[in-house]
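Q: Please find query.tsv (TSV, C-alpha atoms) on the next line:
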```
chain	number	residue	atom	x	y	z
A	129	MET	CA	-11.03	38.68	-1.51
A	130	ASN	CA	-14.01	38.83	-3.86
A	131	ILE	CA	-14.20	35.33	-5.34
A	132	LYS	CA	-17.22	34.78	-7.57
A	133	LYS	CA	-19.11	31.53	-7.98
A	134	LYS	CA	-20.94	29.90	-10.86
A	135	HIS	CA	-23.36	27.02	-11.22
A	136	TYR	CA	-21.53	23.72	-11.51
A	137	LEU	CA	-23.02	20.23	-11.06
A	138	CYS	CA	-25.26	20.54	-8.00
A	139	GLY	CA	-24.75	24.12	-6.90
A	140	GLU	CA	-22.66	27.29	-6.85
A	141	VAL	CA	-18.89	27.03	-6.62
A	142	THR	CA	-15.72	28.78	-7.78
A	143	LEU	CA	-13.80	26.83	-10.40
A	144	MET	CA	-10.00	26.80	-10.33
A	145	GLY	CA	-8.72	25.56	-13.67
A	146	ILE	CA	-5.39	23.77	-13.74
A	147	LEU	CA	-2.75	25.07	-16.16
A	148	ASN	CA	0.48	23.06	-15.93
A	149	VAL	CA	3.40	24.61	-17.78
A	150	THR	CA	5.33	21.40	-17.20
A	151	PRO	CA	6.32	18.43	-19.37
A	152	ASP	CA	5.75	15.82	-16.66
A	153	SER	CA	2.47	16.36	-14.80
A	154	PHE	CA	0.62	13.12	-14.10
A	155	TYR	CA	-2.26	13.95	-16.45
A	156	ALA	CA	-0.74	14.27	-19.91
A	157	ALA	CA	-3.51	16.44	-21.33
A	158	SER	CA	-2.81	19.12	-18.74
A	159	ARG	CA	0.75	19.72	-19.94
A	160	LYS	CA	0.98	23.00	-21.84
A	161	GLN	CA	4.39	23.91	-23.26
A	162	SER	CA	4.04	26.28	-26.21
A	163	ASP	CA	2.75	29.84	-26.02
A	164	GLU	CA	-0.24	28.82	-28.14
A	165	GLU	CA	-1.13	25.95	-25.80
A	166	ILE	CA	-0.85	28.13	-22.71
A	167	LEU	CA	-3.09	30.85	-24.16
A	168	SER	CA	-5.61	28.33	-25.46
A	169	ARG	CA	-5.89	26.63	-22.07
A	170	ALA	CA	-6.36	29.93	-20.26
A	171	LYS	CA	-9.07	30.95	-22.73
A	172	GLU	CA	-10.81	27.62	-22.12
A	173	ILE	CA	-10.69	28.05	-18.33
A	174	LEU	CA	-12.18	31.53	-18.52
A	175	ALA	CA	-14.86	30.50	-21.02
A	176	LEU	CA	-16.00	27.45	-19.06
A	177	GLY	CA	-15.37	28.72	-15.54
A	178	GLY	CA	-17.13	32.05	-15.88
A	179	ASP	CA	-16.11	35.50	-14.67
A	180	GLY	CA	-14.88	34.22	-11.33
A	181	ALA	CA	-12.70	31.41	-12.66
A	182	ILE	CA	-9.19	31.13	-11.25
A	183	ILE	CA	-6.26	30.10	-13.46
A	184	ASP	CA	-3.92	27.99	-11.32
A	185	ILE	CA	-0.44	27.89	-12.89
A	186	GLY	CA	1.99	25.15	-11.95
A	187	GLY	CA	5.63	25.11	-13.01
A	188	CYS	CA	6.87	22.11	-11.02
A	189	SER	CA	5.16	18.74	-10.90
A	190	THR	CA	4.43	17.41	-7.40
A	191	ARG	CA	3.03	14.06	-8.49
A	192	PRO	CA	4.09	11.11	-6.28
A	193	GLY	CA	7.61	9.97	-7.17
A	194	SER	CA	8.48	13.04	-9.20
A	195	THR	CA	11.79	14.89	-8.92
A	196	PRO	CA	11.22	18.66	-8.60
A	197	VAL	CA	12.89	20.86	-11.19
A	198	SER	CA	15.29	23.54	-9.98
A	199	GLU	CA	13.91	26.72	-8.47
A	200	GLU	CA	15.37	28.67	-11.39
A	201	GLU	CA	13.55	26.54	-13.96
A	202	GLU	CA	10.25	26.72	-12.08
A	203	MET	CA	10.65	30.50	-11.84
A	204	ARG	CA	11.33	30.75	-15.58
A	205	ARG	CA	8.32	28.65	-16.52
A	206	VAL	CA	5.81	30.46	-14.32
A	207	SER	CA	7.16	33.95	-15.06
A	208	HIS	CA	6.96	33.34	-18.80
A	209	ALA	CA	3.39	32.03	-18.53
A	210	LEU	CA	2.25	35.00	-16.44
A	211	GLU	CA	3.85	37.55	-18.76
A	212	LEU	CA	2.10	35.90	-21.69
A	213	LEU	CA	-1.28	35.54	-19.99
A	214	GLN	CA	-1.48	38.94	-18.36
A	215	LYS	CA	-1.05	40.64	-21.73
A	216	GLU	CA	-3.93	38.63	-23.18
A	217	PHE	CA	-6.16	38.33	-20.10
A	218	PRO	CA	-5.23	41.26	-17.81
A	219	ASP	CA	-8.38	41.03	-15.69
A	220	ALA	CA	-8.20	37.31	-14.95
A	221	MET	CA	-7.59	35.95	-11.44
A	222	TYR	CA	-4.30	34.04	-11.21
A	223	SER	CA	-3.05	31.51	-8.70
A	224	VAL	CA	0.44	30.00	-8.62
A	225	ASP	CA	0.95	26.46	-7.39
A	226	THR	CA	4.35	26.43	-5.66
A	227	PHE	CA	5.99	25.26	-2.44
A	228	ARG	CA	8.99	27.61	-2.78
A	229	PRO	CA	8.85	30.89	-0.78
A	230	GLU	CA	10.99	32.94	-3.15
A	231	ILE	CA	8.86	32.02	-6.14
A	232	ALA	CA	5.70	32.83	-4.19
A	233	ARG	CA	7.10	36.21	-3.18
A	234	LYS	CA	8.14	37.13	-6.72
A	235	MET	CA	4.81	36.08	-8.20
A	236	VAL	CA	2.91	38.28	-5.73
A	237	GLU	CA	5.24	41.28	-5.80
A	238	ASP	CA	6.16	41.35	-9.50
A	239	TYR	CA	3.04	39.94	-11.15
A	240	GLY	CA	0.28	40.74	-8.68
A	241	VAL	CA	-0.78	37.11	-8.32
A	242	CYS	CA	-3.67	37.03	-5.88
A	243	ILE	CA	-3.48	33.40	-4.67
A	244	ILE	CA	-0.55	31.15	-3.75
A	245	ASN	CA	-1.47	27.47	-3.71
A	246	ASP	CA	1.06	25.69	-1.49
A	247	ILE	CA	1.13	21.94	-0.83
A	248	SER	CA	3.86	22.29	1.81
A	249	GLY	CA	2.03	24.56	4.24
A	250	ASN	CA	5.20	26.60	4.74
A	251	VAL	CA	5.04	29.49	2.28
A	252	ALA	CA	2.57	31.92	3.94
A	253	CYS	CA	5.37	33.91	5.59
A	254	ALA	CA	6.53	35.04	2.14
A	255	ILE	CA	3.19	36.46	0.95
A	256	PRO	CA	1.55	38.68	3.59
A	257	ASN	CA	-0.49	40.54	0.97
A	258	SER	CA	-1.92	37.59	-0.92
A	259	CYS	CA	-4.51	34.88	-0.43
A	260	TYR	CA	-3.01	31.58	0.67
A	261	VAL	CA	-4.13	27.99	0.10
A	262	LEU	CA	-3.09	26.02	3.17
A	263	THR	CA	-2.80	22.29	2.46
A	264	SER	CA	-2.69	19.55	5.07
A	265	SER	CA	-0.83	16.25	4.69
A	266	GLU	CA	-2.43	14.80	7.83
A	267	ALA	CA	-4.23	11.49	7.37
A	268	ASP	CA	-7.61	11.83	9.12
A	269	ILE	CA	-10.19	14.55	9.52
A	270	GLU	CA	-9.51	15.24	13.20
A	271	ALA	CA	-5.77	15.55	12.59
A	272	ILE	CA	-6.42	17.82	9.61
A	273	ILE	CA	-8.57	20.12	11.73
A	274	ARG	CA	-5.91	20.27	14.45
A	275	ASP	CA	-3.26	20.95	11.81
A	276	PHE	CA	-5.31	23.77	10.30
A	277	LYS	CA	-5.99	25.35	13.70
A	278	ARG	CA	-2.32	25.37	14.64
A	279	LYS	CA	-1.12	26.72	11.30
A	280	ILE	CA	-3.84	29.37	11.02
A	281	GLU	CA	-2.85	30.67	14.45
A	282	GLU	CA	0.82	30.72	13.43
A	283	ILE	CA	0.12	32.50	10.15
A	284	HIS	CA	-2.21	35.07	11.67
A	285	SER	CA	0.25	35.81	14.45
A	286	LEU	CA	2.62	37.07	11.72
A	287	HIS	CA	0.10	38.35	9.15
A	288	PRO	CA	-3.31	38.96	10.77
A	289	SER	CA	-5.05	40.04	7.56
A	290	ILE	CA	-4.00	37.21	5.23
A	291	ASP	CA	-6.92	35.27	3.71
A	292	ILE	CA	-6.51	31.51	4.16
A	293	ILE	CA	-8.22	28.90	1.97
A	294	LEU	CA	-8.19	25.35	3.37
A	295	ASP	CA	-7.27	22.29	1.29
A	296	PRO	CA	-7.40	18.86	3.03
A	297	GLY	CA	-4.72	17.58	0.66
A	298	PHE	CA	-6.11	14.64	-1.28
A	299	GLY	CA	-3.16	12.69	-2.63
A	300	PHE	CA	-0.69	13.85	0.02
A	301	GLY	CA	0.21	11.62	2.97
A	302	LYS	CA	-2.97	9.55	2.95
A	303	THR	CA	-4.05	6.01	2.15
A	304	ARG	CA	-6.98	5.43	-0.22
A	305	LYS	CA	-9.28	4.56	2.70
A	306	GLN	CA	-8.22	7.66	4.57
A	307	GLU	CA	-8.89	9.82	1.50
A	308	TYR	CA	-12.45	8.55	1.18
A	309	ASP	CA	-13.04	8.85	4.92
A	310	ILE	CA	-11.94	12.49	4.66
A	311	LEU	CA	-14.17	13.02	1.62
A	312	LEU	CA	-17.24	11.93	3.59
A	313	ASN	CA	-16.34	14.21	6.48
A	314	LEU	CA	-15.47	17.44	4.69
A	315	TYR	CA	-18.44	19.12	6.37
A	316	LYS	CA	-16.52	18.94	9.65
A	317	ILE	CA	-13.88	21.28	8.23
A	318	LYS	CA	-16.60	23.75	7.25
A	319	GLN	CA	-18.10	23.50	10.72
A	320	ALA	CA	-14.74	24.07	12.39
A	321	PHE	CA	-13.73	26.97	10.11
A	322	PRO	CA	-16.90	28.77	8.97
A	323	ASN	CA	-14.96	31.88	7.94
A	324	ASN	CA	-12.50	30.06	5.65
A	325	MET	CA	-13.17	28.87	2.12
A	326	LEU	CA	-12.71	25.15	1.51
A	327	LEU	CA	-10.90	23.94	-1.63
A	328	VAL	CA	-10.98	20.38	-2.95
A	329	GLY	CA	-8.54	19.11	-5.56
A	330	VAL	CA	-9.16	15.51	-6.62
A	331	SER	CA	-9.28	15.92	-10.39
A	332	ARG	CA	-8.32	12.67	-12.17
A	333	LYS	CA	-6.10	11.65	-9.25
A	334	ARG	CA	-4.86	8.19	-8.32
A	335	MET	CA	-7.54	7.82	-5.63
A	336	ILE	CA	-10.04	7.67	-8.50
A	337	TYR	CA	-8.37	5.88	-11.38
A	338	GLU	CA	-6.68	3.14	-9.31
A	339	ILE	CA	-9.99	2.07	-7.79
A	340	LEU	CA	-11.61	2.07	-11.22
A	341	GLY	CA	-8.68	0.24	-12.82
A	342	THR	CA	-8.34	2.93	-15.47
A	343	THR	CA	-5.96	5.80	-16.27
A	344	PRO	CA	-6.05	9.55	-15.60
A	345	GLU	CA	-7.17	10.08	-19.20
A	346	SER	CA	-10.20	7.77	-19.24
A	347	ASP	CA	-13.85	8.84	-19.36
A	348	ALA	CA	-14.50	6.69	-16.30
A	349	THR	CA	-11.93	8.69	-14.34
A	350	LEU	CA	-13.63	11.91	-15.40
A	351	ALA	CA	-17.00	10.54	-14.28
A	352	GLY	CA	-15.48	9.52	-10.94
A	353	THR	CA	-14.00	12.98	-10.55
A	354	ARG	CA	-17.38	14.61	-11.13
A	355	LEU	CA	-19.02	12.32	-8.61
A	356	ILE	CA	-16.49	13.29	-5.95
A	357	HIS	CA	-16.93	16.95	-6.82
A	358	HIS	CA	-20.67	16.49	-6.27
A	359	ILE	CA	-20.10	14.88	-2.85
A	360	ALA	CA	-17.68	17.64	-1.87
A	361	MET	CA	-20.04	20.42	-2.93
A	362	LEU	CA	-22.94	18.94	-0.99
A	363	GLN	CA	-20.78	19.45	2.12
A	364	GLY	CA	-20.11	23.12	1.46
A	365	THR	CA	-16.92	23.09	-0.61
A	366	ASP	CA	-16.32	26.56	-2.04
A	367	ILE	CA	-13.59	26.01	-4.66
A	368	ILE	CA	-13.11	23.05	-6.99
A	369	ARG	CA	-9.61	22.73	-8.49
A	370	THR	CA	-10.00	20.76	-11.69
A	371	HIS	CA	-8.77	19.90	-15.16
A	372	ASP	CA	-12.33	19.74	-16.49
A	373	LEU	CA	-14.58	22.78	-15.98
A	374	GLN	CA	-17.81	21.44	-17.43
```
Now, as a test, write the supplied structure out as structure tokens.
A:
Amino acid sequence: MNIKKKHYLCGEVTLMGILNVTPDSFYAASRKQSDEEILSRAKEILALGGDGAIIDIGGCSTRPGSTPVSEEEEMRRVSHALELLQKEFPDAMYSVDTFRPEIARKMVEDYGVCIINDISGNVACAIPNSCYVLTSSEADIEAIIRDFKRKIEEIHSLHPSIDIILDPGFGFGKTRKQEYDILLNLYKIKQAFPNNMLLVGVSRKRMIYEILGTTPESDATLAGTRLIHHIAMLQGTDIIRTHDLQ
């Protein structure tokens, strides 16, 4: 897959802009419900992220403690957003954030979505012709590397040509200390998997705002997010998934 990079903070990286077509995502400003809001957010991502920006569409909140909407409702939300966006921005690169195989399959087959971003690690079997973000919920860097090795072998045994992007899973199955230990050792993932792109998604998450004693919306949380992005990029991170693209 030809994923372009642009200058961001301390180097070159691909920006994946978050577009939540949900009413309950943890960061209120990311919730886009109307057609006008959805189109405006996509335009912003493409303007700030450059030609290679990825629009990552989520139709079901996975924040801690949330109750997932039905598969039918998630399908409706994401399908509507893609139909709207592809008319306006037909050349954009789209990703869908879902843990449901049938939704992943439909998005790839019916809408030509090029990336499926899956927090569960169980959807790759449904999308042999797409790029797949493999997320780990393991709690330390060594366990994450073992998890990635096992799952990459399993996926490639079924679909040898699938492109796999690796996401260490900040916010999933980890304590705060473990998250920061992983952050400082991201380079080990790059060393272990030199042929896979590394994605980091920490934007405005609890690991930042709880330590600062703020909220997801605060300027301090944004500054903390940018600092972590900087640390991640210095270790070779290829894709930054974020709410804020500048």
Q: Report as a tab-separated table: every residue of region 245-343 of chain A with an atom at most 12 Å from region 156-174 of chain A, its closest pair of atoms, and their distance in Å to one decimal, counting only C-alpha atoms, with rows sorted by chain and ascending residue number.
A:
```
residue	atom	partner	partner_atom	distance
A:Ser331	CA	A:Ser158	CA	11.0
A:Arg332	CA	A:Ser158	CA	10.7
A:Thr343	CA	A:Ala156	CA	10.6
```
Q: Go through A:Ile146, A:Ser289, A:Arg274, A:Glu237 one by one, measure the shortest atom-to-atom distance of each to Asp225 (chain A) using all atoms listed in the file, and give the residue with the smallest value.
A: A:Ile146
Q: Residues at most 10 Å from Lys316 (chain A), counting only C-alpha atoms, excluding those fewer than 5 positions away in the same chain, as a short mmCIF file (atom, residue, chain, number, x, y, z; two decimals) with C-alpha atoms, keeping the file's coordinate frame?
A:
```
data_model
loop_
_atom_site.label_atom_id
_atom_site.label_comp_id
_atom_site.auth_asym_id
_atom_site.auth_seq_id
_atom_site.Cartn_x
_atom_site.Cartn_y
_atom_site.Cartn_z
CA ILE A 269 -10.19 14.55 9.52
CA GLU A 270 -9.51 15.24 13.20
CA ILE A 273 -8.57 20.12 11.73
CA ILE A 310 -11.94 12.49 4.66
CA PHE A 321 -13.73 26.97 10.11
CA PRO A 322 -16.90 28.77 8.97
CA GLN A 363 -20.78 19.45 2.12
CA GLY A 364 -20.11 23.12 1.46
#
```
Q: Name the closest residue to Pro296 (chain A) among the candidates A:Ile243, A:Ala360, A:Val149, A:Ala181; distances are taken between atoms, counting all atoms listed in the file.
A: A:Ala360
Q: When you look at Lys333 (chain A) with a cut-off of 12 Å (counting all atoms listed in the file), what residues show up, excluding the ones that are within fewer than 4 positions of it in the same chain? I need them as a count of residues only.
A: 31
Q: Tell me, as an NGL selection string, which residues lie within 7 Å of region 254-257 of chain A, counting all atoms listed in the file; anything in the same chain fewer than 2 positions away does not count.
A: :A and (229 or 232-233 or 236 or 251-252 or 287 or 290)
Q: Quote the spacing between CA of Leu312 (chain A) and CA of Val330 (chain A) in Å to one decimal place.
A: 13.5 Å
Q: List the neighbours of Ile247 (chain A) out to 9 Å using only C-alpha atoms; skip same-chain residues closer than 5 positions along the sequence, and give me the result as JSON, numbers by chain.
A: {"A": [190, 225, 226, 227, 261, 262, 263, 264, 265, 295, 297, 300]}
Q: Would you please work out which residue, of A:Gly249, A:Gly186, A:Gly341, A:Gly177, is nearest to Phe276 (chain A) when using all atoms listed in the file?
A: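 Smallest distance to Phe276 (chain A) is found for A:Gly249.
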Q: To one decimal place in Å, what is the distance between CA of Ser223 (chain A) and CA of Asp347 (chain A)?
A: 27.3 Å
Q: Would you compute the box with edges along x, y and z of the file around region 159-164 of chain A, including every atom the file lists for it and 8 Å extra on each side, and give its centre and edge lengths in Å to one decimal, as JSON?
A:
```
{"center_x": 2.1, "center_y": 24.8, "center_z": -24.0, "size_x": 20.6, "size_y": 26.1, "size_z": 24.2}
```
Q: Measuring between all atoms listed in the file, which one of A:Pro151, A:Gly187, A:Gly178, A:Pro288 shows the shortest distance to Ser207 (chain A)?
A: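 So, comparing all the options, the nearest one is A:Gly187.
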Q: Please list as a list in words every residue within 7 Å of region 137-139 of chain A, counting all atoms listed in the file and excluding residues in the same chain fewer than 2 positions away.
A: His135, Val141 and His358 of chain A
Q: Measuring between all atoms listed in the file, which one of A:Thr142, A:Leu213, A:Lys305, A:Met221 shows the shortest distance to His357 (chain A)?
A: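 Closest to His357 (chain A), using all atoms listed in the file: A:Thr142.
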Q: In Å, how far is it from CA of Lys134 (chain A) to CA of Asp179 (chain A)?
A: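 Atom-to-atom, CA of Lys134 (chain A) and CA of Asp179 (chain A) are spaced 8.3 Å apart.
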